[in-house]
Amino acid sequence: MIDETKRSSEESETDSVATLAGGCFWCTEAVFLRLKGVKSVVSGYTGGGRRNPTYKEVCTGLTGHAEAIQVQYDEKQITFEQLLDVFFHTHDPTTLNQQGADIGTQYRSAVFYHSTEQKKQAELMIRKLDKSGDFPRRIVTSLERMTTFYPAEDYHQNYFALNKRNPYCMAVVGPKVSKFQKRYKALLKKDEE
């Protein structure tokens, strides 16, 4: 469990945290780990009522949690607005409780805001994208106040890098990462270019 009120002694004054849910956390984690300025990405669960939920419990859709990632980033290198742009363009924010074949509230599109400023930026981004015509339908991403984030089991962390031959990774995660790398070349870490 991560308590949002305390700042780690390892974090600098320019470090910030974003918590995002865009369907399966294996996909979102694989994308965000490649962004410059991103210091860490943890896959986990948030937005539900059960304490210390397990993957098996969250998969039932009965706990209210979403599969999410928590991103620690250096705002001198990447902004929350840039993170939001990547987030919205690397999943389908127009489908309610669904990403591809993954269906249920645990796969909802959501921004779990840590401050009123993050909420305002997310609202502004949604309005901007709805007007842009980037998506065929209106964005249904929910904006939810961040409460408690529960890191997922160890085997979910850095999943794509450790399981590239997994059929889901080959069919879904790999193509998503490739598409992201083409669109966001300027935001990639040097070793990802």
# chains A, B, ... in the order shown; residues from 1 in each chain; ligands from 1
$ residues_around --residues "stretch 69-81 of chain A" --least-positions-apart "6" --cutoff "6 Å" --atoms "only C-alpha atoms" --output "list in words"
Thr14, Asp15, Ser16, Val17, Ala18, Thr19, Leu20, Gly37, Val38, Lys39, Ser40, Val41, Val42, Ser43 and Gly44 of chain A
$ write_last_selection --atoms "N, CA and C atoms" --output "short mmCIF file (atom, residue, chain, number, x, y, z; two decimals), in the first residue's frame"
data_model
loop_
_atom_site.label_atom_id
_atom_site.label_comp_id
_atom_site.auth_asym_id
_atom_site.auth_seq_id
_atom_site.Cartn_x
_atom_site.Cartn_y
_atom_site.Cartn_z
N THR A 14 11.47 18.05 -7.49
CA THR A 14 10.79 18.11 -8.79
C THR A 14 10.07 16.80 -9.13
N ASP A 15 10.10 15.84 -8.22
CA ASP A 15 9.41 14.58 -8.45
C ASP A 15 7.92 14.72 -8.18
N SER A 16 7.14 14.14 -9.05
CA SER A 16 5.70 14.12 -8.89
C SER A 16 5.20 12.71 -9.15
N VAL A 17 3.91 12.49 -8.85
CA VAL A 17 3.30 11.18 -9.02
C VAL A 17 2.02 11.32 -9.83
N ALA A 18 1.83 10.40 -10.77
CA ALA A 18 0.59 10.31 -11.55
C ALA A 18 0.08 8.88 -11.43
N THR A 19 -1.22 8.72 -11.32
CA THR A 19 -1.83 7.39 -11.25
C THR A 19 -2.89 7.31 -12.35
N LEU A 20 -2.69 6.34 -13.25
CA LEU A 20 -3.51 6.24 -14.46
C LEU A 20 -3.98 4.81 -14.69
N GLY A 37 12.25 11.14 -18.19
CA GLY A 37 11.72 11.82 -17.01
C GLY A 37 10.94 10.91 -16.09
N VAL A 38 10.58 9.72 -16.56
CA VAL A 38 9.87 8.76 -15.72
C VAL A 38 10.91 7.97 -14.92
N LYS A 39 10.79 8.06 -13.60
CA LYS A 39 11.76 7.40 -12.73
C LYS A 39 11.35 5.99 -12.35
N SER A 40 10.05 5.78 -12.18
CA SER A 40 9.56 4.44 -11.86
C SER A 40 8.09 4.32 -12.25
N VAL A 41 7.70 3.08 -12.51
CA VAL A 41 6.31 2.75 -12.81
C VAL A 41 5.98 1.49 -12.02
N VAL A 42 4.90 1.55 -11.25
CA VAL A 42 4.46 0.41 -10.46
C VAL A 42 3.06 0.04 -10.92
N SER A 43 2.86 -1.21 -11.25
CA SER A 43 1.52 -1.71 -11.59
C SER A 43 0.79 -2.05 -10.30
N GLY A 44 -0.51 -1.74 -10.26
CA GLY A 44 -1.26 -2.05 -9.06
C GLY A 44 -2.75 -1.81 -9.21
#
$ select_by_dssp --residues "stretch 7-188 of chain A" --states "strand (DSSP E)" --output "ChimeraX atom specification"
/A:15-22,38-46,66-74,98-99,102-103,109-113,142-145,150-151
$ write_last_selection --atoms "C-alpha atoms" --output "PDB file, in the first residue's frame"
ATOM      1  CA  ASP A  15       9.412  14.577  -8.455  1.00  0.00           C
ATOM      2  CA  SER A  16       5.700  14.117  -8.889  1.00  0.00           C
ATOM      3  CA  VAL A  17       3.305  11.175  -9.024  1.00  0.00           C
ATOM      4  CA  ALA A  18       0.592  10.310 -11.546  1.00  0.00           C
ATOM      5  CA  THR A  19      -1.829   7.394 -11.250  1.00  0.00           C
ATOM      6  CA  LEU A  20      -3.512   6.241 -14.456  1.00  0.00           C
ATOM      7  CA  ALA A  21      -5.750   3.346 -15.484  1.00  0.00           C
ATOM      8  CA  GLY A  22      -5.961   2.474 -19.167  1.00  0.00           C
ATOM      9  CA  VAL A  38       9.873   8.756 -15.716  1.00  0.00           C
ATOM     10  CA  LYS A  39      11.764   7.405 -12.728  1.00  0.00           C
ATOM     11  CA  SER A  40       9.557   4.444 -11.862  1.00  0.00           C
ATOM     12  CA  VAL A  41       6.307   2.748 -12.809  1.00  0.00           C
ATOM     13  CA  VAL A  42       4.457   0.409 -10.459  1.00  0.00           C
ATOM     14  CA  SER A  43       1.522  -1.707 -11.592  1.00  0.00           C
ATOM     15  CA  GLY A  44      -1.257  -2.047  -9.057  1.00  0.00           C
ATOM     16  CA  TYR A  45      -4.847  -1.509  -8.023  1.00  0.00           C
ATOM     17  CA  THR A  46      -6.770   1.584  -6.930  1.00  0.00           C
ATOM     18  CA  ALA A  66      -8.997  -0.613 -11.563  1.00  0.00           C
ATOM     19  CA  GLU A  67      -5.770  -2.059 -12.884  1.00  0.00           C
ATOM     20  CA  ALA A  68      -3.593   1.054 -12.792  1.00  0.00           C
ATOM     21  CA  ILE A  69      -0.039   2.287 -12.865  1.00  0.00           C
ATOM     22  CA  GLN A  70       1.596   4.735 -10.513  1.00  0.00           C
ATOM     23  CA  VAL A  71       4.261   6.818 -12.225  1.00  0.00           C
ATOM     24  CA  GLN A  72       6.978   8.735 -10.400  1.00  0.00           C
ATOM     25  CA  TYR A  73       8.385  11.387 -12.734  1.00  0.00           C
ATOM     26  CA  ASP A  74      10.659  14.419 -12.791  1.00  0.00           C
ATOM     27  CA  GLN A  98     -13.418  -2.028 -21.738  1.00  0.00           C
ATOM     28  CA  GLN A  99     -10.095  -2.137 -23.551  1.00  0.00           C
ATOM     29  CA  ASP A 102     -10.698  -6.953 -21.612  1.00  0.00           C
ATOM     30  CA  ILE A 103     -14.142  -6.100 -20.226  1.00  0.00           C
ATOM     31  CA  SER A 109     -10.143   4.351 -18.285  1.00  0.00           C
ATOM     32  CA  ALA A 110      -9.454   6.647 -15.329  1.00  0.00           C
ATOM     33  CA  VAL A 111      -7.187   9.416 -14.116  1.00  0.00           C
ATOM     34  CA  PHE A 112      -6.723   9.166 -10.352  1.00  0.00           C
ATOM     35  CA  TYR A 113      -5.787  12.742  -9.561  1.00  0.00           C
ATOM     36  CA  SER A 142     -13.411   8.981 -15.296  1.00  0.00           C
ATOM     37  CA  LEU A 143     -11.631  11.431 -13.015  1.00  0.00           C
ATOM     38  CA  GLU A 144     -11.364   9.938  -9.545  1.00  0.00           C
ATOM     39  CA  ARG A 145      -9.670  11.311  -6.452  1.00  0.00           C
ATOM     40  CA  TYR A 150      -1.943  -1.171  -3.768  1.00  0.00           C
ATOM     41  CA  PRO A 151       1.067  -2.470  -5.729  1.00  0.00           C
TER      42      PRO A 151
END
$ atom_distance --atom1 "atom CA of A:Lys36" --atom2 "atom CA of A:Gly174"
19.2 Å
$ closest_residue --among "A:His65, A:Glu123, A:His89, A:Tyr155" --to "A:Pro53" --atoms "only C-alpha atoms"
A:His65
$ atom_distance --atom1 "atom CA of A:Ala152" --atom2 "atom CA of A:Gln121"
27.2 Å
$ decode --residues "stretch 29-174 of chain A" --atoms "C-alpha atoms" --output "mmCIF file, in the first residue's frame"
data_model
loop_
_atom_site.group_PDB
_atom_site.id
_atom_site.type_symbol
_atom_site.label_atom_id
_atom_site.label_comp_id
_atom_site.auth_asym_id
_atom_site.auth_seq_id
_atom_site.Cartn_x
_atom_site.Cartn_y
_atom_site.Cartn_z
ATOM 1 C CA GLU A 29 3.425 0.060 -17.674
ATOM 2 C CA ALA A 30 5.359 -0.972 -20.817
ATOM 3 C CA VAL A 31 4.605 2.392 -22.452
ATOM 4 C CA PHE A 32 5.339 4.670 -19.496
ATOM 5 C CA LEU A 33 8.616 2.956 -18.568
ATOM 6 C CA ARG A 34 10.009 4.219 -21.899
ATOM 7 C CA LEU A 35 9.327 7.925 -21.295
ATOM 8 C CA LYS A 36 12.179 10.263 -20.435
ATOM 9 C CA GLY A 37 11.723 11.815 -17.013
ATOM 10 C CA VAL A 38 9.873 8.756 -15.716
ATOM 11 C CA LYS A 39 11.764 7.405 -12.728
ATOM 12 C CA SER A 40 9.557 4.444 -11.862
ATOM 13 C CA VAL A 41 6.307 2.748 -12.809
ATOM 14 C CA VAL A 42 4.457 0.409 -10.459
ATOM 15 C CA SER A 43 1.522 -1.707 -11.592
ATOM 16 C CA GLY A 44 -1.257 -2.047 -9.057
ATOM 17 C CA TYR A 45 -4.847 -1.509 -8.023
ATOM 18 C CA THR A 46 -6.770 1.584 -6.930
ATOM 19 C CA GLY A 47 -10.267 3.025 -6.845
ATOM 20 C CA GLY A 48 -11.951 0.197 -4.972
ATOM 21 C CA GLY A 49 -13.161 -0.572 -1.478
ATOM 22 C CA ARG A 50 -11.298 -3.735 -0.510
ATOM 23 C CA ARG A 51 -8.016 -3.420 1.367
ATOM 24 C CA ASN A 52 -4.986 -5.227 -0.073
ATOM 25 C CA PRO A 53 -6.806 -6.769 -3.046
ATOM 26 C CA THR A 54 -5.227 -9.592 -5.026
ATOM 27 C CA TYR A 55 -5.123 -9.901 -8.797
ATOM 28 C CA LYS A 56 -7.616 -12.760 -8.635
ATOM 29 C CA GLU A 57 -10.052 -10.612 -6.599
ATOM 30 C CA VAL A 58 -9.674 -7.557 -8.854
ATOM 31 C CA CYS A 59 -10.257 -9.697 -11.959
ATOM 32 C CA THR A 60 -13.753 -10.552 -10.700
ATOM 33 C CA GLY A 61 -14.727 -6.895 -11.100
ATOM 34 C CA LEU A 62 -16.334 -7.004 -7.638
ATOM 35 C CA THR A 63 -13.732 -5.017 -5.650
ATOM 36 C CA GLY A 64 -14.235 -1.737 -7.528
ATOM 37 C CA HIS A 65 -10.505 -1.439 -8.194
ATOM 38 C CA ALA A 66 -8.997 -0.613 -11.563
ATOM 39 C CA GLU A 67 -5.770 -2.059 -12.884
ATOM 40 C CA ALA A 68 -3.593 1.054 -12.792
ATOM 41 C CA ILE A 69 -0.039 2.287 -12.865
ATOM 42 C CA GLN A 70 1.596 4.735 -10.513
ATOM 43 C CA VAL A 71 4.261 6.818 -12.225
ATOM 44 C CA GLN A 72 6.978 8.735 -10.400
ATOM 45 C CA TYR A 73 8.385 11.387 -12.734
ATOM 46 C CA ASP A 74 10.659 14.419 -12.791
ATOM 47 C CA GLU A 75 8.536 17.377 -13.840
ATOM 48 C CA LYS A 76 11.647 19.193 -15.103
ATOM 49 C CA GLN A 77 11.911 16.514 -17.804
ATOM 50 C CA ILE A 78 8.275 15.658 -18.513
ATOM 51 C CA THR A 79 5.034 17.385 -17.560
ATOM 52 C CA PHE A 80 1.775 15.964 -16.290
ATOM 53 C CA GLU A 81 0.160 17.305 -19.482
ATOM 54 C CA GLN A 82 2.615 15.273 -21.599
ATOM 55 C CA LEU A 83 1.887 12.176 -19.512
ATOM 56 C CA LEU A 84 -1.833 12.729 -20.085
ATOM 57 C CA ASP A 85 -1.314 13.094 -23.840
ATOM 58 C CA VAL A 86 0.562 9.774 -23.943
ATOM 59 C CA PHE A 87 -2.072 8.160 -21.708
ATOM 60 C CA PHE A 88 -5.028 9.190 -23.869
ATOM 61 C CA HIS A 89 -3.320 8.216 -27.138
ATOM 62 C CA THR A 90 -2.132 4.768 -26.022
ATOM 63 C CA HIS A 91 -5.477 3.279 -25.056
ATOM 64 C CA ASP A 92 -9.121 3.777 -26.073
ATOM 65 C CA PRO A 93 -10.579 6.384 -23.713
ATOM 66 C CA THR A 94 -13.958 6.202 -25.487
ATOM 67 C CA THR A 95 -15.020 2.718 -24.370
ATOM 68 C CA LEU A 96 -16.690 2.355 -20.988
ATOM 69 C CA ASN A 97 -15.160 -0.370 -18.812
ATOM 70 C CA GLN A 98 -13.418 -2.028 -21.738
ATOM 71 C CA GLN A 99 -10.095 -2.137 -23.551
ATOM 72 C CA GLY A 100 -10.211 -4.507 -26.502
ATOM 73 C CA ALA A 101 -11.180 -7.971 -25.269
ATOM 74 C CA ASP A 102 -10.698 -6.953 -21.612
ATOM 75 C CA ILE A 103 -14.142 -6.100 -20.226
ATOM 76 C CA GLY A 104 -15.131 -4.969 -16.730
ATOM 77 C CA THR A 105 -14.788 -2.021 -14.368
ATOM 78 C CA GLN A 106 -11.262 -3.184 -13.515
ATOM 79 C CA TYR A 107 -10.293 -2.168 -17.086
ATOM 80 C CA ARG A 108 -11.896 1.284 -16.972
ATOM 81 C CA SER A 109 -10.143 4.351 -18.285
ATOM 82 C CA ALA A 110 -9.454 6.647 -15.329
ATOM 83 C CA VAL A 111 -7.187 9.416 -14.116
ATOM 84 C CA PHE A 112 -6.723 9.166 -10.352
ATOM 85 C CA TYR A 113 -5.787 12.742 -9.561
ATOM 86 C CA HIS A 114 -3.463 13.604 -6.672
ATOM 87 C CA SER A 115 -4.311 17.321 -6.579
ATOM 88 C CA THR A 116 -6.904 19.788 -7.811
ATOM 89 C CA GLU A 117 -4.309 20.960 -10.356
ATOM 90 C CA GLN A 118 -4.038 17.444 -11.814
ATOM 91 C CA LYS A 119 -7.836 17.239 -11.974
ATOM 92 C CA LYS A 120 -8.032 20.596 -13.794
ATOM 93 C CA GLN A 121 -5.355 19.539 -16.274
ATOM 94 C CA ALA A 122 -7.165 16.259 -16.961
ATOM 95 C CA GLU A 123 -10.500 18.063 -17.476
ATOM 96 C CA LEU A 124 -8.819 20.501 -19.859
ATOM 97 C CA MET A 125 -7.134 17.687 -21.800
ATOM 98 C CA ILE A 126 -10.428 15.803 -22.176
ATOM 99 C CA ARG A 127 -12.196 18.932 -23.475
ATOM 100 C CA LYS A 128 -9.317 19.604 -25.882
ATOM 101 C CA LEU A 129 -9.275 16.030 -27.202
ATOM 102 C CA ASP A 130 -13.064 15.876 -27.561
ATOM 103 C CA LYS A 131 -12.888 19.003 -29.767
ATOM 104 C CA SER A 132 -9.828 17.773 -31.706
ATOM 105 C CA GLY A 133 -11.491 14.929 -33.586
ATOM 106 C CA ASP A 134 -8.661 12.560 -32.550
ATOM 107 C CA PHE A 135 -11.270 10.034 -31.425
ATOM 108 C CA PRO A 136 -14.456 8.849 -33.187
ATOM 109 C CA ARG A 137 -16.520 9.124 -29.967
ATOM 110 C CA ARG A 138 -16.487 11.254 -26.805
ATOM 111 C CA ILE A 139 -14.004 10.402 -24.079
ATOM 112 C CA VAL A 140 -15.532 8.500 -21.131
ATOM 113 C CA THR A 141 -12.410 8.469 -18.916
ATOM 114 C CA SER A 142 -13.411 8.981 -15.296
ATOM 115 C CA LEU A 143 -11.631 11.431 -13.015
ATOM 116 C CA GLU A 144 -11.364 9.938 -9.545
ATOM 117 C CA ARG A 145 -9.670 11.311 -6.452
ATOM 118 C CA MET A 146 -6.612 9.260 -5.561
ATOM 119 C CA THR A 147 -6.914 7.411 -2.277
ATOM 120 C CA THR A 148 -4.843 4.272 -1.716
ATOM 121 C CA PHE A 149 -2.713 2.514 -4.299
ATOM 122 C CA TYR A 150 -1.943 -1.171 -3.768
ATOM 123 C CA PRO A 151 1.067 -2.470 -5.729
ATOM 124 C CA ALA A 152 0.256 -5.617 -7.672
ATOM 125 C CA GLU A 153 1.987 -8.911 -7.056
ATOM 126 C CA ASP A 154 5.687 -9.036 -8.019
ATOM 127 C CA TYR A 155 5.094 -11.085 -11.158
ATOM 128 C CA HIS A 156 3.065 -8.185 -12.654
ATOM 129 C CA GLN A 157 5.933 -5.690 -12.338
ATOM 130 C CA ASN A 158 7.925 -5.036 -15.524
ATOM 131 C CA TYR A 159 5.759 -7.739 -17.072
ATOM 132 C CA PHE A 160 6.316 -7.023 -20.756
ATOM 133 C CA ALA A 161 10.121 -6.887 -20.487
ATOM 134 C CA LEU A 162 10.161 -10.213 -18.646
ATOM 135 C CA ASN A 163 7.499 -11.989 -20.749
ATOM 136 C CA LYS A 164 7.890 -10.833 -24.361
ATOM 137 C CA ARG A 165 7.050 -14.314 -25.678
ATOM 138 C CA ASN A 166 3.749 -14.455 -23.782
ATOM 139 C CA PRO A 167 0.971 -14.615 -26.443
ATOM 140 C CA TYR A 168 -0.846 -11.588 -24.937
ATOM 141 C CA CYS A 169 2.382 -9.592 -24.941
ATOM 142 C CA MET A 170 3.107 -10.535 -28.545
ATOM 143 C CA ALA A 171 -0.418 -9.796 -29.776
ATOM 144 C CA VAL A 172 -1.384 -6.754 -27.668
ATOM 145 C CA VAL A 173 1.438 -5.177 -25.639
ATOM 146 C CA GLY A 174 4.183 -5.347 -28.286
#
